[in-house]
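One file, target14.cif, carrying mmCIF, C-alpha atoms:
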```cif
data_input
loop_
_atom_site.label_atom_id
_atom_site.label_comp_id
_atom_site.auth_asym_id
_atom_site.auth_seq_id
_atom_site.Cartn_x
_atom_site.Cartn_y
_atom_site.Cartn_z
CA MET A 781 -93.43 61.88 -25.69
CA ASN A 782 -92.51 65.53 -26.25
CA LYS A 783 -90.58 67.35 -23.56
CA VAL A 784 -92.88 68.53 -20.78
CA VAL A 785 -92.42 72.18 -19.78
CA ILE A 786 -93.92 74.14 -16.90
CA VAL A 787 -93.95 77.91 -17.47
CA THR A 788 -94.94 80.06 -14.51
CA GLY A 789 -96.43 83.51 -14.99
CA ALA A 790 -97.38 82.57 -18.55
CA SER A 791 -100.34 84.85 -19.13
CA ARG A 792 -98.46 88.04 -20.01
CA GLY A 793 -95.16 89.48 -21.16
CA ILE A 794 -92.09 87.27 -21.31
CA GLY A 795 -93.87 84.22 -19.92
CA ARG A 796 -96.59 84.45 -22.55
CA GLU A 797 -94.02 84.58 -25.37
CA ILE A 798 -92.13 81.63 -23.88
CA ALA A 799 -95.29 79.53 -23.63
CA ARG A 800 -96.38 80.48 -27.15
CA GLY A 801 -92.98 79.95 -28.75
CA LEU A 802 -92.28 76.59 -27.12
CA ALA A 803 -95.80 75.31 -27.84
CA LYS A 804 -95.29 76.11 -31.53
CA LYS A 805 -92.03 74.16 -31.41
CA GLY A 806 -93.91 71.09 -30.25
CA TYR A 807 -93.20 71.11 -26.52
CA THR A 808 -95.94 70.04 -24.10
CA ILE A 809 -96.74 73.21 -22.15
CA ILE A 810 -98.28 73.58 -18.70
CA ALA A 811 -98.90 77.32 -18.48
CA ASN A 812 -99.42 78.74 -15.00
CA TYR A 813 -101.26 81.95 -14.20
CA ASN A 814 -102.74 83.49 -11.09
CA LYS A 815 -104.86 86.60 -11.69
CA SER A 816 -104.78 87.16 -15.46
CA GLU A 817 -107.27 84.49 -16.46
CA LYS A 818 -108.64 86.42 -19.44
CA GLN A 819 -105.21 86.80 -21.03
CA MET A 820 -104.38 83.14 -20.39
CA ILE A 821 -107.57 81.94 -22.04
CA GLU A 822 -106.91 84.26 -24.98
CA LEU A 823 -103.51 82.64 -25.54
CA LYS A 824 -104.98 79.15 -25.28
CA ASN A 825 -107.66 80.04 -27.84
CA GLU A 826 -105.08 81.66 -30.12
CA LEU A 827 -103.00 78.49 -30.18
CA GLU A 828 -106.00 76.21 -30.59
CA LYS A 829 -106.77 77.96 -33.87
CA GLU A 830 -103.41 76.60 -35.03
CA LYS A 831 -104.34 73.16 -33.63
CA ILE A 832 -101.88 73.58 -30.75
CA ASN A 833 -103.03 72.73 -27.25
CA ILE A 834 -101.59 73.94 -23.96
CA ASP A 835 -102.64 73.16 -20.41
CA ILE A 836 -103.46 76.21 -18.33
CA VAL A 837 -103.35 75.94 -14.54
CA LYS A 838 -104.40 78.64 -12.09
CA ALA A 839 -102.28 78.76 -8.94
CA ASP A 840 -100.70 81.28 -6.60
CA ILE A 841 -97.23 79.74 -6.55
CA SER A 842 -96.05 82.12 -3.84
CA LYS A 843 -97.73 79.50 -1.63
CA ARG A 844 -96.04 76.12 -1.23
CA ASP A 845 -99.18 74.02 -1.47
CA GLU A 846 -100.28 75.64 -4.72
CA ALA A 847 -96.86 75.23 -6.28
CA LYS A 848 -96.94 71.59 -5.27
CA LYS A 849 -100.38 71.27 -6.89
CA ILE A 850 -99.00 72.24 -10.32
CA VAL A 851 -96.12 69.80 -10.04
CA GLU A 852 -98.37 66.94 -8.97
CA TYR A 853 -100.85 67.73 -11.74
CA THR A 854 -98.07 67.64 -14.32
CA ILE A 855 -96.55 64.38 -13.12
CA ASN A 856 -99.94 62.67 -12.77
CA LYS A 857 -100.91 63.65 -16.32
CA TYR A 858 -97.62 63.43 -18.19
CA GLY A 859 -95.46 61.26 -15.95
CA LYS A 860 -92.52 63.67 -15.80
CA ILE A 861 -91.20 67.22 -15.78
CA ASP A 862 -88.40 67.89 -18.26
CA ILE A 863 -88.14 71.67 -18.01
CA LEU A 864 -89.19 74.23 -15.41
CA ILE A 865 -89.20 77.90 -16.35
CA ASN A 866 -89.57 80.16 -13.31
CA ASN A 867 -90.87 83.38 -14.83
CA ALA A 868 -93.61 84.56 -12.44
CA GLY A 869 -92.83 87.94 -10.94
CA ILE A 870 -93.92 91.45 -10.06
CA SER A 871 -92.14 94.80 -9.87
CA GLN A 872 -92.61 98.04 -8.00
CA ILE A 873 -90.86 101.41 -8.07
CA LYS A 874 -90.72 102.89 -4.59
CA GLU A 875 -88.23 104.71 -2.39
CA PHE A 876 -86.51 102.35 0.03
CA THR A 877 -87.68 104.20 3.14
CA GLN A 878 -91.28 103.94 1.97
CA ILE A 879 -91.39 100.18 1.32
CA THR A 880 -93.77 98.54 3.78
CA ASP A 881 -93.30 95.11 5.33
CA GLU A 882 -96.24 93.89 3.31
CA GLU A 883 -94.74 95.13 0.04
CA TRP A 884 -91.35 93.64 0.86
CA ASN A 885 -92.82 90.26 1.76
CA ASN A 886 -95.07 90.25 -1.30
CA MET A 887 -92.10 90.92 -3.56
CA ILE A 888 -89.95 88.20 -2.02
CA ASN A 889 -92.82 85.69 -1.94
CA THR A 890 -93.86 86.31 -5.54
CA ASN A 891 -90.44 86.60 -7.16
CA LEU A 892 -88.11 84.45 -5.06
CA ASN A 893 -90.09 82.07 -2.89
CA SER A 894 -92.21 80.94 -5.85
CA ALA A 895 -89.05 79.93 -7.73
CA PHE A 896 -87.79 78.13 -4.62
CA TYR A 897 -91.05 76.20 -4.18
CA MET A 898 -91.40 75.29 -7.85
CA SER A 899 -87.75 74.25 -8.18
CA GLN A 900 -87.74 72.16 -5.01
CA GLU A 901 -90.95 70.34 -5.89
CA SER A 902 -89.98 69.81 -9.55
CA CYS A 903 -86.39 68.72 -9.07
CA LYS A 904 -87.45 65.64 -7.10
CA ASN A 905 -88.89 64.20 -10.31
CA MET A 906 -85.88 65.38 -12.32
CA ILE A 907 -83.45 63.75 -9.87
CA HIS A 908 -85.42 60.49 -10.13
CA ASN A 909 -85.21 60.67 -13.94
CA LYS A 910 -81.54 61.74 -13.89
CA LYS A 911 -82.21 64.63 -16.25
CA GLY A 912 -83.84 68.03 -16.29
CA CYS A 913 -83.51 71.72 -16.97
CA ILE A 914 -84.46 74.68 -14.79
CA ILE A 915 -84.40 78.19 -16.24
CA ASN A 916 -85.00 81.18 -13.99
CA ILE A 917 -85.98 84.61 -15.26
CA SER A 918 -84.22 87.19 -13.11
CA SER A 919 -83.32 90.75 -14.14
CA ILE A 920 -80.48 93.07 -14.98
CA TRP A 921 -81.25 94.73 -11.62
CA GLY A 922 -80.35 91.53 -9.82
CA LEU A 923 -76.84 92.00 -11.23
CA VAL A 924 -76.27 95.70 -10.64
CA GLY A 925 -79.12 96.88 -8.39
CA SER A 926 -81.65 99.59 -9.12
CA SER A 927 -82.44 102.80 -7.26
CA CYS A 928 -86.01 102.85 -5.92
CA GLU A 929 -86.34 99.12 -6.64
CA VAL A 930 -84.39 97.66 -3.75
CA HIS A 931 -86.90 94.91 -2.91
CA TYR A 932 -87.21 93.94 -6.59
CA SER A 933 -83.42 93.90 -7.04
CA VAL A 934 -82.94 91.78 -3.92
CA SER A 935 -85.51 89.22 -5.08
CA LYS A 936 -83.81 88.88 -8.48
CA ALA A 937 -80.30 88.70 -7.01
CA GLY A 938 -81.59 85.89 -4.82
CA ILE A 939 -82.77 84.02 -7.90
CA ASP A 940 -79.31 84.33 -9.46
CA ALA A 941 -77.63 83.05 -6.29
CA MET A 942 -80.05 80.13 -6.17
CA THR A 943 -79.29 79.41 -9.83
CA LYS A 944 -75.55 79.10 -9.23
CA SER A 945 -75.86 77.07 -6.05
CA LEU A 946 -78.48 74.73 -7.45
CA ALA A 947 -76.45 74.15 -10.61
CA LYS A 948 -73.61 72.83 -8.47
CA GLU A 949 -75.88 70.64 -6.39
CA LEU A 950 -77.97 69.18 -9.21
CA GLY A 951 -75.23 68.85 -11.84
CA PRO A 952 -74.35 65.27 -10.81
CA SER A 953 -77.99 64.34 -11.49
CA ASN A 954 -77.68 65.70 -15.05
CA ILE A 955 -79.88 68.67 -14.26
CA ARG A 956 -78.86 72.05 -15.69
CA VAL A 957 -79.86 75.30 -13.96
CA ASN A 958 -79.44 78.69 -15.62
CA SER A 959 -80.80 82.21 -15.32
CA ILE A 960 -81.73 84.80 -17.91
CA ALA A 961 -81.40 88.39 -16.68
CA PRO A 962 -83.26 90.63 -19.16
CA GLY A 963 -82.61 94.33 -19.52
CA ILE A 964 -85.56 96.53 -20.45
CA ILE A 965 -88.04 94.49 -22.47
CA ASN A 966 -91.18 95.72 -24.20
CA THR A 967 -93.75 94.34 -21.74
CA GLU A 968 -96.53 95.62 -19.49
CA MET A 969 -94.05 95.64 -16.59
CA ASN A 970 -92.52 98.77 -18.15
CA LYS A 971 -95.82 100.45 -19.01
CA ASP A 972 -95.18 103.25 -16.51
CA LEU A 973 -92.25 104.53 -18.56
CA ASN A 974 -93.16 107.41 -20.87
CA GLN A 975 -91.66 107.86 -24.34
CA GLU A 976 -89.12 110.41 -23.13
CA GLU A 977 -87.86 107.97 -20.50
CA ILE A 978 -87.69 105.14 -23.04
CA ASN A 979 -85.75 107.32 -25.47
CA LYS A 980 -83.28 108.25 -22.73
CA ILE A 981 -82.74 104.57 -21.94
CA LYS A 982 -82.20 103.77 -25.62
CA GLU A 983 -79.41 106.34 -25.70
CA GLU A 984 -77.63 104.40 -22.94
CA ILE A 985 -77.91 101.07 -24.76
CA PRO A 986 -75.20 100.32 -27.35
CA LEU A 987 -77.73 98.65 -29.67
CA GLU A 988 -79.96 101.75 -29.26
CA LYS A 989 -83.17 99.80 -28.76
CA ILE A 990 -85.11 98.00 -26.05
CA GLY A 991 -85.57 94.25 -26.15
CA ASP A 992 -88.47 92.14 -27.32
CA THR A 993 -90.00 89.14 -25.58
CA LYS A 994 -88.92 87.03 -28.56
CA ASP A 995 -85.29 87.76 -27.66
CA ILE A 996 -85.81 85.98 -24.35
CA GLU A 997 -87.77 83.11 -25.85
CA LYS A 998 -84.98 82.37 -28.35
CA CYS A 999 -82.49 82.09 -25.49
CA ILE A 1000 -84.88 79.78 -23.66
CA GLU A 1001 -84.97 77.46 -26.68
CA TRP A 1002 -81.19 77.34 -26.79
CA LEU A 1003 -80.82 76.65 -23.06
CA ILE A 1004 -83.31 73.79 -23.30
CA GLU A 1005 -81.50 72.06 -26.14
CA ASP A 1006 -77.94 72.81 -24.95
CA GLU A 1007 -76.28 70.05 -22.92
CA TYR A 1008 -73.25 71.71 -21.33
CA THR A 1009 -74.32 75.12 -20.03
CA THR A 1010 -75.21 75.37 -16.36
CA GLY A 1011 -74.90 77.84 -13.50
CA GLN A 1012 -74.83 80.79 -15.88
CA ILE A 1013 -76.53 84.19 -15.64
CA ILE A 1014 -77.18 85.28 -19.21
CA SER A 1015 -78.05 88.97 -19.39
CA ILE A 1016 -79.91 89.94 -22.56
CA ASN A 1017 -79.76 93.72 -22.41
CA GLY A 1018 -78.44 95.11 -25.69
CA GLY A 1019 -75.13 95.96 -24.06
CA TRP A 1020 -76.70 98.19 -21.42
CA VAL A 1021 -74.66 96.42 -18.75
CA ILE A 1022 -71.42 94.77 -19.81
#
```
Transcribe the structure of this file into structure tokens.
Amino acid sequence: MNKVVIVTGASRGIGREIARGLAKKGYTIIANYNKSEKQMIELKNELEKEKINIDIVKADISKRDEAKKIVEYTINKYGKIDILINNAGISQIKEFTQITDEEWNNMINTNLNSAFYMSQESCKNMIHNKKGCIINISSIWGLVGSSCEVHYSVSKAGIDAMTKSLAKELGPSNIRVNSIAPGIINTEMNKDLNQEEINKIKEEIPLEKIGDTKDIEKCIEWLIEDEYTTGQIISINGGWVI
């Protein structure tokens, strides 16, 4: 059987490219979405035209029981989980003093708690099988912090800390855990940036360009097939932060 991969937040942006790219490589994909049903169905239909099928599963994985539902669905249908890609996330630009409790909790629940729930539920099967791979999508701002994105930066830094700790704990079970920390990538998450702001950022990046979702997907492919990399935070940012 092909390797079974769960991709969270797969309807848009980086997650969409990961699901598409891995499906075309022959992996069995369980693509999770929450609110963007139209976009998820569009991707499924796009791939079906190429005779490629993916499973799409609606769930709010910021809730434990819904995260558990995806894991149980996958194991019941395919018998295993080989790879978990924790990509689901949101962002918000807001001054620290203006962040409400609700906004803080929503950020932590969506970005960090979802990865905790999905990893904890999935790794039980991986430990049983004595193999597995968990890849977390964090952010450059989890490494260096971002003004007016404190709650976002904290949630991503938490993912990186979990990555390192979990790699140590799960290594003896032959489970690798890594994190990809993208810089600015051409996705809807950065739609609020105008052209002038984008150009200014490009000037700060040694490669003088912003990243593409395919850049992240290529790294995902490598991390899946690699057998000796674990506990690493790989920042794909064009040299913006070195």
message = Need to verify the contact set: range 826-835 of chain A, 7 Å, all atoms listed in the file, exclusion of same-chain residues closer than 5 positions in sequence. Can you return it as a PyMOL selection string?
response = chain A and resi 803+808-811
key: Resolved residues for the PyMOL selection byres ((chain A and resi 796) around 12) as a ChimeraX atom specification   = /A:787-795,797-803,809-813,816,819-824,826-827,834,836,865,867-868,967-968,993-994,996-997
Next, write the just-selected residues to a file, as a compact mmCIF listing (two decimals), in the frame of the given file, keeping C-alpha atoms as the atom set.
```
# COMPACT_ATOMS: atom_id res chain seq x y z
CA VAL A 787 -93.95 77.91 -17.47
CA THR A 788 -94.94 80.06 -14.51
CA GLY A 789 -96.43 83.51 -14.99
CA ALA A 790 -97.38 82.57 -18.55
CA SER A 791 -100.34 84.85 -19.13
CA ARG A 792 -98.46 88.04 -20.01
CA GLY A 793 -95.16 89.48 -21.16
CA ILE A 794 -92.09 87.27 -21.31
CA GLY A 795 -93.87 84.22 -19.92
CA GLU A 797 -94.02 84.58 -25.37
CA ILE A 798 -92.13 81.63 -23.88
CA ALA A 799 -95.29 79.53 -23.63
CA ARG A 800 -96.38 80.48 -27.15
CA GLY A 801 -92.98 79.95 -28.75
CA LEU A 802 -92.28 76.59 -27.12
CA ALA A 803 -95.80 75.31 -27.84
CA ILE A 809 -96.74 73.21 -22.15
CA ILE A 810 -98.28 73.58 -18.70
CA ALA A 811 -98.90 77.32 -18.48
CA ASN A 812 -99.42 78.74 -15.00
CA TYR A 813 -101.26 81.95 -14.20
CA SER A 816 -104.78 87.16 -15.46
CA GLN A 819 -105.21 86.80 -21.03
CA MET A 820 -104.38 83.14 -20.39
CA ILE A 821 -107.57 81.94 -22.04
CA GLU A 822 -106.91 84.26 -24.98
CA LEU A 823 -103.51 82.64 -25.54
CA LYS A 824 -104.98 79.15 -25.28
CA GLU A 826 -105.08 81.66 -30.12
CA LEU A 827 -103.00 78.49 -30.18
CA ILE A 834 -101.59 73.94 -23.96
CA ILE A 836 -103.46 76.21 -18.33
CA ILE A 865 -89.20 77.90 -16.35
CA ASN A 867 -90.87 83.38 -14.83
CA ALA A 868 -93.61 84.56 -12.44
CA THR A 967 -93.75 94.34 -21.74
CA GLU A 968 -96.53 95.62 -19.49
CA THR A 993 -90.00 89.14 -25.58
CA LYS A 994 -88.92 87.03 -28.56
CA ILE A 996 -85.81 85.98 -24.35
CA GLU A 997 -87.77 83.11 -25.85
```
query = Distance CA of Gly1019 in chain A-CA of Ile863 in chain A, one decimal place?
reply =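 That distance, rounded to one decimal, is 28.2 Å.
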What do you get, as a tab-separated table (two decimals) with C-alpha atoms, in the frame of the given file, if you spell out every residue that the PyMOL selection byres ((chain A and resi 886-903) around 8) selects here?
```tsv
chain	number	residue	atom	x	y	z
A	841	ILE	CA	-97.23	79.74	-6.55
A	842	SER	CA	-96.05	82.12	-3.84
A	843	LYS	CA	-97.73	79.50	-1.63
A	844	ARG	CA	-96.04	76.12	-1.23
A	847	ALA	CA	-96.86	75.23	-6.28
A	848	LYS	CA	-96.94	71.59	-5.27
A	851	VAL	CA	-96.12	69.80	-10.04
A	861	ILE	CA	-91.20	67.22	-15.78
A	864	LEU	CA	-89.19	74.23	-15.41
A	866	ASN	CA	-89.57	80.16	-13.31
A	868	ALA	CA	-93.61	84.56	-12.44
A	869	GLY	CA	-92.83	87.94	-10.94
A	870	ILE	CA	-93.92	91.45	-10.06
A	871	SER	CA	-92.14	94.80	-9.87
A	882	GLU	CA	-96.24	93.89	3.31
A	883	GLU	CA	-94.74	95.13	0.04
A	884	TRP	CA	-91.35	93.64	0.86
A	885	ASN	CA	-92.82	90.26	1.76
A	904	LYS	CA	-87.45	65.64	-7.10
A	905	ASN	CA	-88.89	64.20	-10.31
A	906	MET	CA	-85.88	65.38	-12.32
A	907	ILE	CA	-83.45	63.75	-9.87
A	912	GLY	CA	-83.84	68.03	-16.29
A	914	ILE	CA	-84.46	74.68	-14.79
A	916	ASN	CA	-85.00	81.18	-13.99
A	931	HIS	CA	-86.90	94.91	-2.91
A	932	TYR	CA	-87.21	93.94	-6.59
A	935	SER	CA	-85.51	89.22	-5.08
A	936	LYS	CA	-83.81	88.88	-8.48
A	938	GLY	CA	-81.59	85.89	-4.82
A	939	ILE	CA	-82.77	84.02	-7.90
```
request  = For CA of Asn970 in chain A and CA of Lys818 in chain A, quote the distance in Å rounded to one decimal.
outcome  = 20.3 Å
request  = Dig up all the protein and nucleic acid residues within 12 Å of (-80.4, 97.3, -5.2) in the file frame, using only C-alpha atoms, and format them as an MDAnalysis selection string.
outcome  = chainID A and resid 873:876 919:938
Kindly export the residues of the current selection with C-alpha atoms, as a PDB file, keeping the file's coordinate frame.
```
ATOM      1  CA  ILE A 873     -90.860 101.410  -8.070  1.00  0.00           C
ATOM      2  CA  LYS A 874     -90.720 102.890  -4.590  1.00  0.00           C
ATOM      3  CA  GLU A 875     -88.230 104.710  -2.390  1.00  0.00           C
ATOM      4  CA  PHE A 876     -86.510 102.350   0.030  1.00  0.00           C
ATOM      5  CA  SER A 919     -83.320  90.750 -14.140  1.00  0.00           C
ATOM      6  CA  ILE A 920     -80.480  93.070 -14.980  1.00  0.00           C
ATOM      7  CA  TRP A 921     -81.250  94.730 -11.620  1.00  0.00           C
ATOM      8  CA  GLY A 922     -80.350  91.530  -9.820  1.00  0.00           C
ATOM      9  CA  LEU A 923     -76.840  92.000 -11.230  1.00  0.00           C
ATOM     10  CA  VAL A 924     -76.270  95.700 -10.640  1.00  0.00           C
ATOM     11  CA  GLY A 925     -79.120  96.880  -8.390  1.00  0.00           C
ATOM     12  CA  SER A 926     -81.650  99.590  -9.120  1.00  0.00           C
ATOM     13  CA  SER A 927     -82.440 102.800  -7.260  1.00  0.00           C
ATOM     14  CA  CYS A 928     -86.010 102.850  -5.920  1.00  0.00           C
ATOM     15  CA  GLU A 929     -86.340  99.120  -6.640  1.00  0.00           C
ATOM     16  CA  VAL A 930     -84.390  97.660  -3.750  1.00  0.00           C
ATOM     17  CA  HIS A 931     -86.900  94.910  -2.910  1.00  0.00           C
ATOM     18  CA  TYR A 932     -87.210  93.940  -6.590  1.00  0.00           C
ATOM     19  CA  SER A 933     -83.420  93.900  -7.040  1.00  0.00           C
ATOM     20  CA  VAL A 934     -82.940  91.780  -3.920  1.00  0.00           C
ATOM     21  CA  SER A 935     -85.510  89.220  -5.080  1.00  0.00           C
ATOM     22  CA  LYS A 936     -83.810  88.880  -8.480  1.00  0.00           C
ATOM     23  CA  ALA A 937     -80.300  88.700  -7.010  1.00  0.00           C
ATOM     24  CA  GLY A 938     -81.590  85.890  -4.820  1.00  0.00           C
TER      25      GLY A 938
END
```
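Proximity to Gly1011 in chain A at 8 Å, evaluated using only C-alpha atoms and with sequence-adjacent residues fewer than 6 positions away removed, yields Thr943, Lys944, Ser945, Leu946, Ala947, Lys948, Arg956, Val957, Asn958 and Ser959 of chain A.
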The residues within 10 Å of (-83.7, 87.8, -27.2), using only C-alpha atoms and the coordinates of the file, should be reported as a PDB file with C-alpha atoms, in the frame of the given file; which are they?
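Listing of result.pdb after writing:
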```pdb
ATOM      1  CA  ILE A 960     -81.730  84.800 -17.910  1.00  0.00           C
ATOM      2  CA  PRO A 962     -83.260  90.630 -19.160  1.00  0.00           C
ATOM      3  CA  ILE A 965     -88.040  94.490 -22.470  1.00  0.00           C
ATOM      4  CA  GLY A 991     -85.570  94.250 -26.150  1.00  0.00           C
ATOM      5  CA  ASP A 992     -88.470  92.140 -27.320  1.00  0.00           C
ATOM      6  CA  THR A 993     -90.000  89.140 -25.580  1.00  0.00           C
ATOM      7  CA  LYS A 994     -88.920  87.030 -28.560  1.00  0.00           C
ATOM      8  CA  ASP A 995     -85.290  87.760 -27.660  1.00  0.00           C
ATOM      9  CA  ILE A 996     -85.810  85.980 -24.350  1.00  0.00           C
ATOM     10  CA  GLU A 997     -87.770  83.110 -25.850  1.00  0.00           C
ATOM     11  CA  LYS A 998     -84.980  82.370 -28.350  1.00  0.00           C
ATOM     12  CA  CYS A 999     -82.490  82.090 -25.490  1.00  0.00           C
ATOM     13  CA  ILE A1000     -84.880  79.780 -23.660  1.00  0.00           C
ATOM     14  CA  SER A1015     -78.050  88.970 -19.390  1.00  0.00           C
ATOM     15  CA  ILE A1016     -79.910  89.940 -22.560  1.00  0.00           C
ATOM     16  CA  ASN A1017     -79.760  93.720 -22.410  1.00  0.00           C
ATOM     17  CA  GLY A1018     -78.440  95.110 -25.690  1.00  0.00           C
TER      18      GLY A1018
END
```
request  = Enter the distance from CA of Glu817 in chain A to CA of Val837 in chain A, in Å, rounded to one decimal.
outcome  = 9.6 Å
key: Nearest to Pro986 in chain A, chosen from A:Lys783, A:Asn974, A:Ile1022, A:Tyr858, with all atoms listed in the file counted in the distances   =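 Closest candidate: A:Ile1022.
Closest approach to Ile855 in chain A among A:Asn814, A:Val784, A:Lys805, A:Ala839 is made by A:Val784 (distances from all atoms listed in the file).
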Give as an mmCIF file with C-alpha atoms, in the frame of the given file the residues that the PyMOL selection byres ((chain A and resi 982) around 12) matches when applied to the coordinates above.
```
data_model
loop_
_atom_site.group_PDB
_atom_site.id
_atom_site.type_symbol
_atom_site.label_atom_id
_atom_site.label_comp_id
_atom_site.auth_asym_id
_atom_site.auth_seq_id
_atom_site.Cartn_x
_atom_site.Cartn_y
_atom_site.Cartn_z
ATOM 1 C CA GLY A 963 -82.610 94.330 -19.520
ATOM 2 C CA ILE A 964 -85.560 96.530 -20.450
ATOM 3 C CA ILE A 965 -88.040 94.490 -22.470
ATOM 4 C CA GLN A 975 -91.660 107.860 -24.340
ATOM 5 C CA GLU A 976 -89.120 110.410 -23.130
ATOM 6 C CA GLU A 977 -87.860 107.970 -20.500
ATOM 7 C CA ILE A 978 -87.690 105.140 -23.040
ATOM 8 C CA ASN A 979 -85.750 107.320 -25.470
ATOM 9 C CA LYS A 980 -83.280 108.250 -22.730
ATOM 10 C CA ILE A 981 -82.740 104.570 -21.940
ATOM 11 C CA GLU A 983 -79.410 106.340 -25.700
ATOM 12 C CA GLU A 984 -77.630 104.400 -22.940
ATOM 13 C CA ILE A 985 -77.910 101.070 -24.760
ATOM 14 C CA PRO A 986 -75.200 100.320 -27.350
ATOM 15 C CA LEU A 987 -77.730 98.650 -29.670
ATOM 16 C CA GLU A 988 -79.960 101.750 -29.260
ATOM 17 C CA LYS A 989 -83.170 99.800 -28.760
ATOM 18 C CA ILE A 990 -85.110 98.000 -26.050
ATOM 19 C CA GLY A 991 -85.570 94.250 -26.150
ATOM 20 C CA ASN A 1017 -79.760 93.720 -22.410
ATOM 21 C CA GLY A 1018 -78.440 95.110 -25.690
ATOM 22 C CA GLY A 1019 -75.130 95.960 -24.060
ATOM 23 C CA TRP A 1020 -76.700 98.190 -21.420
#
```
Put a box with edges along x, y and z around all the listed atoms of range 979-994 of chain A, pad it by 3 Å on each side, then give me its centre and sizes in Å, one decimal, as AutoDock Vina command-line options.
```
--center_x -82.6 --center_y 97.6 --center_z -25.8 --size_x 20.8 --size_y 27.2 --size_z 13.7
```
query = Hey, which of A:Asp972, A:Glu949, A:Glu846, A:Asp862 ends up closest to Glu1005 in chain A? Count all atoms listed in the file.
reply =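 Selected residue with least distance to Glu1005 in chain A: A:Asp862.
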How about completing range 937-953 of chain A with N, CA and C atoms and giving it to me as a PDB file, keeping the file's coordinate frame?
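Everything below was put into result.pdb:
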```
ATOM      1  N   ALA A 937     -81.645  89.143  -7.381  1.00  0.00           N
ATOM      2  CA  ALA A 937     -80.300  88.700  -7.010  1.00  0.00           C
ATOM      3  C   ALA A 937     -80.362  87.358  -6.298  1.00  0.00           C
ATOM      4  N   GLY A 938     -81.395  87.172  -5.498  1.00  0.00           N
ATOM      5  CA  GLY A 938     -81.590  85.890  -4.820  1.00  0.00           C
ATOM      6  C   GLY A 938     -81.804  84.756  -5.802  1.00  0.00           C
ATOM      7  N   ILE A 939     -82.548  85.027  -6.865  1.00  0.00           N
ATOM      8  CA  ILE A 939     -82.770  84.020  -7.900  1.00  0.00           C
ATOM      9  C   ILE A 939     -81.449  83.637  -8.563  1.00  0.00           C
ATOM     10  N   ASP A 940     -80.602  84.624  -8.841  1.00  0.00           N
ATOM     11  CA  ASP A 940     -79.310  84.330  -9.460  1.00  0.00           C
ATOM     12  C   ASP A 940     -78.418  83.506  -8.536  1.00  0.00           C
ATOM     13  N   ALA A 941     -78.432  83.820  -7.253  1.00  0.00           N
ATOM     14  CA  ALA A 941     -77.630  83.050  -6.290  1.00  0.00           C
ATOM     15  C   ALA A 941     -78.144  81.615  -6.197  1.00  0.00           C
ATOM     16  N   MET A 942     -79.456  81.464  -6.200  1.00  0.00           N
ATOM     17  CA  MET A 942     -80.050  80.130  -6.170  1.00  0.00           C
ATOM     18  C   MET A 942     -79.672  79.347  -7.427  1.00  0.00           C
ATOM     19  N   THR A 943     -79.659  80.043  -8.561  1.00  0.00           N
ATOM     20  CA  THR A 943     -79.290  79.410  -9.830  1.00  0.00           C
ATOM     21  C   THR A 943     -77.900  78.803  -9.754  1.00  0.00           C
ATOM     22  N   LYS A 944     -76.926  79.580  -9.294  1.00  0.00           N
ATOM     23  CA  LYS A 944     -75.550  79.100  -9.230  1.00  0.00           C
ATOM     24  C   LYS A 944     -75.388  77.952  -8.237  1.00  0.00           C
ATOM     25  N   SER A 945     -75.987  78.100  -7.081  1.00  0.00           N
ATOM     26  CA  SER A 945     -75.860  77.070  -6.050  1.00  0.00           C
ATOM     27  C   SER A 945     -76.541  75.778  -6.473  1.00  0.00           C
ATOM     28  N   LEU A 946     -77.722  75.910  -7.054  1.00  0.00           N
ATOM     29  CA  LEU A 946     -78.480  74.730  -7.450  1.00  0.00           C
ATOM     30  C   LEU A 946     -77.812  74.011  -8.623  1.00  0.00           C
ATOM     31  N   ALA A 947     -77.166  74.766  -9.494  1.00  0.00           N
ATOM     32  CA  ALA A 947     -76.450  74.150 -10.610  1.00  0.00           C
ATOM     33  C   ALA A 947     -75.344  73.230 -10.095  1.00  0.00           C
ATOM     34  N   LYS A 948     -74.667  73.654  -9.057  1.00  0.00           N
ATOM     35  CA  LYS A 948     -73.610  72.830  -8.470  1.00  0.00           C
ATOM     36  C   LYS A 948     -74.189  71.581  -7.802  1.00  0.00           C
ATOM     37  N   GLU A 949     -75.299  71.751  -7.128  1.00  0.00           N
ATOM     38  CA  GLU A 949     -75.880  70.640  -6.390  1.00  0.00           C
ATOM     39  C   GLU A 949     -76.550  69.609  -7.296  1.00  0.00           C
ATOM     40  N   LEU A 950     -77.196  70.081  -8.361  1.00  0.00           N
ATOM     41  CA  LEU A 950     -77.970  69.180  -9.210  1.00  0.00           C
ATOM     42  C   LEU A 950     -77.199  68.691 -10.441  1.00  0.00           C
ATOM     43  N   GLY A 951     -76.032  69.265 -10.688  1.00  0.00           N
ATOM     44  CA  GLY A 951     -75.230  68.850 -11.840  1.00  0.00           C
ATOM     45  C   GLY A 951     -74.977  67.349 -11.899  1.00  0.00           C
ATOM     46  N   PRO A 952     -74.601  66.708 -10.783  1.00  0.00           N
ATOM     47  CA  PRO A 952     -74.350  65.270 -10.810  1.00  0.00           C
ATOM     48  C   PRO A 952     -75.583  64.434 -11.189  1.00  0.00           C
ATOM     49  N   SER A 953     -76.766  65.032 -11.078  1.00  0.00           N
ATOM     50  CA  SER A 953     -77.990  64.340 -11.490  1.00  0.00           C
ATOM     51  C   SER A 953     -78.384  64.693 -12.927  1.00  0.00           C
TER      52      SER A 953
END
```
